[in-house]
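Below is one structure, written out as structure tokens; the observations come after it.
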Amino acid sequence: MRELLERKFFPFVEKPPRYIGGEPGSVIKDPEDLVNIALGYPDLYEIGMSYVGGQMLYHLINRQTDALCERVYAPGIDAEEILRRENIPLFTLESHRPLKEFDLIGFTLSYEMVYTNLLNILDLAAIPLMADSRGDDVPLIVAGGPICYNPEPMADFIDFFFIGEVEEALPELIAALKEGKGRSRRQKLELLAKLESVYVPAFYDRETGLPHIEGIPSQIKTRHATKLLPEYYPDRPLMPLTEIAHDRVSVEIMRGCPQGCRFCQAGKIYKPVRVRHIDDIKKQVAANIQATGYDEISLLSLSTSDYPGIDNLITSLNGTLQSQRVSLSLPSLRPSSFTSNLADAAGKGHKSGLTFAPEVGTDRLRKAVGKKITEAEILDAAGIAFSKGWQLIKLYFMIGLPTETTEDINGITDLVMKIVKLGRQIKGQHKINVAISPFSPKAHTPFQWDKLHPPEEIRRRQDILRRGLNAREVNLKFRNPQLSYLEGVLGRGDRRLGPVILTAFKNGARFDGWSEHFDYHRWVLAFEENGLTMEEFSIERSFSERLPWDHIDRGQSRQQLQIDRSRTSEVAVEPASPAETPAAAPVHRNEDDMYGRRKKRIVAPQDTAAPTRGKIRLKWGKTGLVRFLSHLDNNRVFERAIRRAGIPVTYSQGFHPHQKLSFGPPLPVGYSSECEYLDIKLNDAVGSGQLKDLAQTMPKGFFISDSKTIYSKAPAISALLNRAVYQIRGDLGDTSRLAETLEKILASDSVIGLRTTKDGGKKVDIRPAIYRLELLNQDTEPMIEMELGLGDGGYAKPGEVLSVLELFDPDQIGSFKIHRKALQYRDKDGIYLDPLSAIV
């Protein structure tokens, strides 16, 4: 399978790191006698690898001695096309085994708009889409995650759901899967259905939601972790080899939210609030930073600033992180808990921006929806942020909430403009990013009965805001109202939506959450083809009506939710109170502000001015699948490895300090090499032990073969090179004809090749940069060896040379294994030197 992927797949996809695996922290086990689990995230690798829950599940399953866990993500559009054309089954990243070889494929569903991606993963794995069409030899399909609190829209495709938090239940699930090995599919599901929080749709009536077999519960009780134990979190998380959406260490500090906003599903389904001990958090932070080499860490919670003792936690972490050049970021903060002390603690590192979620524009509506903050608190928080040096504030609002009026919408404009005015009073170039999303009623919230506004009405409300929010400091972003509407419809649906989702998938729906792929009309047609409309799922529902998710027992009764919803209506008819807006909002001045001028700040860390102790030049290479990493990926790999090994590298000055590294000529994607070079500028002496640590901490496939210290000023690596030697292996065809063609090229005065450029391509004469072409090992394992020019030696690429031979088509050339054997400088006397030999 891997050989097939190296020939037919990896060389041709747009981003190979999405599929090659091999990340530090990944686990490979012998599948024999183990429960084989493939953990799927139905979105791109960059999104799935950013999901903290996926990291935890991967760690927890692989901790079990009787199970293994490997990963799969939704392939990109380009990758899907290749998989289908070449008839390659979808595979996991760790072993590149086809998904069909696993016992269980588990999906995390965090968003309704990934439903068609899930179907695509199954289809590419040659697994029947309909659960009732699968035989005994097909893996079981399970889904979990927040969207599964209404499992019905996907019930036709999923064998069983686990609804709730899986940490404590995982050993039971694995034991049941192990016991079920060798049994029929139905027998396996009967074993699983007896476990708490497991819902097997095939055992429940489509209309009533009641079980139609004995021995299983009529209500599915959701399970939650009693405590957030240290062993739930990996010390060595998966470390991506390419950039991902949230490219940093993310550490959960608290689960659940104490606020109880009526519109928030997460606040309801993650009850009760559970707080991690500060010592556990600090230990995980230290272990994760050491294991990954990341330079940023984020503290995660639904309401991070409500963590008890958050000031002390941040201050304690900063004491260690600053010395390691690690910045600390916080997610959305509650304005009423953003104090001056918290601002001081959080502001010691890089100030990228602060995020607040006022949600609505008036105190009346905030009270109606259970948002326990006031306009005065929001303005106070903005004033603190600006005065403490933050230049960017991000604000999140919703429109279309129950009882919302035009006055409430105008209240958003008024509030934002007051914050703009605050920023103008304080020195700096302040920016305010305002994100506006349509409200979507969610299951298990007091608003689950409310109507979902159609796109036309949401656009009308958006237009009101567009007209009002036109200040230069404001960057206004609206979420697509059609996308939000469809998301809401799918979230409120029942099993009638299964055929709709299937139709949309068959008609080409993929990555519906991505604006460049979303096609609203495609979904409208899918509803019509199945005799349905979106409107019938978006209307207001009565308290007496049965809801599709009523058989899911979250621990809060319908009566409690109805009472809470009634309180919203009671607030809606209360007389509006005058807004408590001070004539001049308080400005919290920085102690460094004097007479209208601020002391000059040195943003770069203090030790950037330390004397340089020379450079070290490394000779390195890479082989195996990491050859499919890009030059920028290689840079990131080294930057993080240098941090892990504790190499005393010098950093640049400025707002975004970076390591002073200088690489040789970029190695093209897909090429292996044994002769790459890197200069590391040092601010202290480096010992042989640290270089050994650096070599050992590099990901599998990378190696460091030599090093040399540069004490005097030396030319840059690229200035020392004018030759590159490459070796090409693969199916070279008729070697006699190939040898003749190589000789013909060398005998020519001019060889015109096509060079790819940003504008398409241009014809160039590459003959002056071709110094040697040889066919080696002609009778055994033939390969071409080329010596080509660099720098003042001219320039030619191996692919260009292979193309002008006119013996291979582009796909053949793409499948060749090209290895960079040497980077050298040939002087006028014909003597060859490499960049290490050139150091005096």
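To be explicit about the labels: the chains of the structure tokens are called A, B, and onward in the order shown, and within each one the residues are counted from 1, while ligands get numbers from 1 in the order they are shown.
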
Original post:
Which of range 155-212 of chain A counts as strand (DSSP E or B) under DSSP, as a list in words please?
Top reply: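 Checking each residue of range 155-212 of chain A, the strand (DSSP E or B) ones are Phe160, Phe161, Phe162, Gly164, Val198, Tyr199, Tyr204 and Pro211 of chain A.
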
For the residues selected in the previous step, produce a file with N, CA and C atoms as a PDB file, in the first residue's frame.
ATOM      1  N   PHE A 160     -23.655   3.130  15.758  1.00  0.00           N
ATOM      2  CA  PHE A 160     -24.009   3.539  17.115  1.00  0.00           C
ATOM      3  C   PHE A 160     -23.354   4.875  17.441  1.00  0.00           C
ATOM      4  N   PHE A 161     -24.012   5.617  18.306  1.00  0.00           N
ATOM      5  CA  PHE A 161     -23.501   6.897  18.800  1.00  0.00           C
ATOM      6  C   PHE A 161     -23.065   6.716  20.255  1.00  0.00           C
ATOM      7  N   PHE A 162     -22.006   7.410  20.628  1.00  0.00           N
ATOM      8  CA  PHE A 162     -21.711   7.577  22.047  1.00  0.00           C
ATOM      9  C   PHE A 162     -21.993   9.031  22.374  1.00  0.00           C
ATOM     10  N   GLY A 164     -22.000  11.959  24.953  1.00  0.00           N
ATOM     11  CA  GLY A 164     -21.426  12.411  26.213  1.00  0.00           C
ATOM     12  C   GLY A 164     -19.912  12.415  26.139  1.00  0.00           C
ATOM     13  N   VAL A 198     -24.672   4.811  25.095  1.00  0.00           N
ATOM     14  CA  VAL A 198     -24.610   4.266  23.738  1.00  0.00           C
ATOM     15  C   VAL A 198     -26.013   4.220  23.146  1.00  0.00           C
ATOM     16  N   TYR A 199     -26.143   4.754  21.933  1.00  0.00           N
ATOM     17  CA  TYR A 199     -27.421   4.787  21.222  1.00  0.00           C
ATOM     18  C   TYR A 199     -27.244   4.088  19.886  1.00  0.00           C
ATOM     19  N   TYR A 204     -34.235   1.511  17.633  1.00  0.00           N
ATOM     20  CA  TYR A 204     -35.233   2.480  18.091  1.00  0.00           C
ATOM     21  C   TYR A 204     -36.149   2.854  16.930  1.00  0.00           C
ATOM     22  N   PRO A 211     -37.464   2.181  22.036  1.00  0.00           N
ATOM     23  CA  PRO A 211     -36.762   0.958  21.633  1.00  0.00           C
ATOM     24  C   PRO A 211     -37.750  -0.126  21.208  1.00  0.00           C
TER      25      PRO A 211
END

Sort by chain and increasing residue number a table of all residues of range 687-758 of chain A within 9 Å of range 776-785 of chain A, each with its closest pair of atoms and their distance in Å to one decimal, counting only C-alpha atoms, and write it as CSV.
residue,atom,partner,partner_atom,distance
A:Val725,CA,A:Glu785,CA,7.0
A:Tyr726,CA,A:Glu785,CA,5.6
A:Gln727,CA,A:Glu785,CA,4.5
A:Ile728,CA,A:Ile784,CA,5.0
A:Arg729,CA,A:Met783,CA,4.9
A:Gly730,CA,A:Met783,CA,7.4
A:Asp731,CA,A:Pro782,CA,8.8
A:Leu732,CA,A:Pro782,CA,7.5
A:Thr735,CA,A:Gln778,CA,6.7
A:Ser736,CA,A:Gln778,CA,8.5
A:Ala739,CA,A:Gln778,CA,8.9

Original post:
Could you name the residues that touch range 336-348 of chain A at 10 Å or less, counting only C-alpha atoms, but leaving out those on the same chain fewer than 6 positions away, as a ChimeraX atom specification?
Top reply: /A:303-307,309-319,322,327-330,354,356,372-385,387-390,588

Subject >> Pick from A:Arg510, A:Val416, A:Thr503, A:Gly791, whichever lies nearest to Glu528 in chain A using only C-alpha atoms >> reply: A:Thr503

Original post:
Which residue out of A:Gln55, A:Ser95, A:Thr756, A:Ser837 has the minimum interatomic distance to Lys797 in chain A when only C-alpha atoms are used?
Top reply: A:Thr756

Original post:
Could you name the residues that touch Met239 in chain A at 8 Å or less, counting only C-alpha atoms, but leaving out those on the same chain fewer than 4 positions away, as a list in words?
Top reply: Glu23, Pro24, Gly25 and Thr292 of chain A

Go ahead and write the selection's residues with C-alpha atoms as a PDB file, in the first residue's frame.
ATOM      1  CA  GLU A  23       4.407  13.219  13.304  1.00  0.00           C
ATOM      2  CA  PRO A  24       6.280  13.219  16.621  1.00  0.00           C
ATOM      3  CA  GLY A  25       3.925  11.785  19.216  1.00  0.00           C
ATOM      4  CA  THR A 292       6.662  19.994  20.947  1.00  0.00           C
TER       5      THR A 292
END

What are the closest atom pairs, with distances in Å to one decimal, for each residue of range 247-359 of chain A lying within 9 Å of range 622-646 of chain A, using only C-alpha atoms, rows by chain and rising residue number, as CSV?
residue,atom,partner,partner_atom,distance
A:Ile289,CA,A:Arg644,CA,7.9
A:Gln290,CA,A:Arg644,CA,5.6
A:Ala291,CA,A:Arg644,CA,6.7
A:Thr292,CA,A:Arg640,CA,6.7
A:Gly293,CA,A:Arg640,CA,4.3
A:Tyr294,CA,A:Arg640,CA,6.2
A:Asp295,CA,A:Arg640,CA,8.2
A:Gln324,CA,A:Arg643,CA,8.4
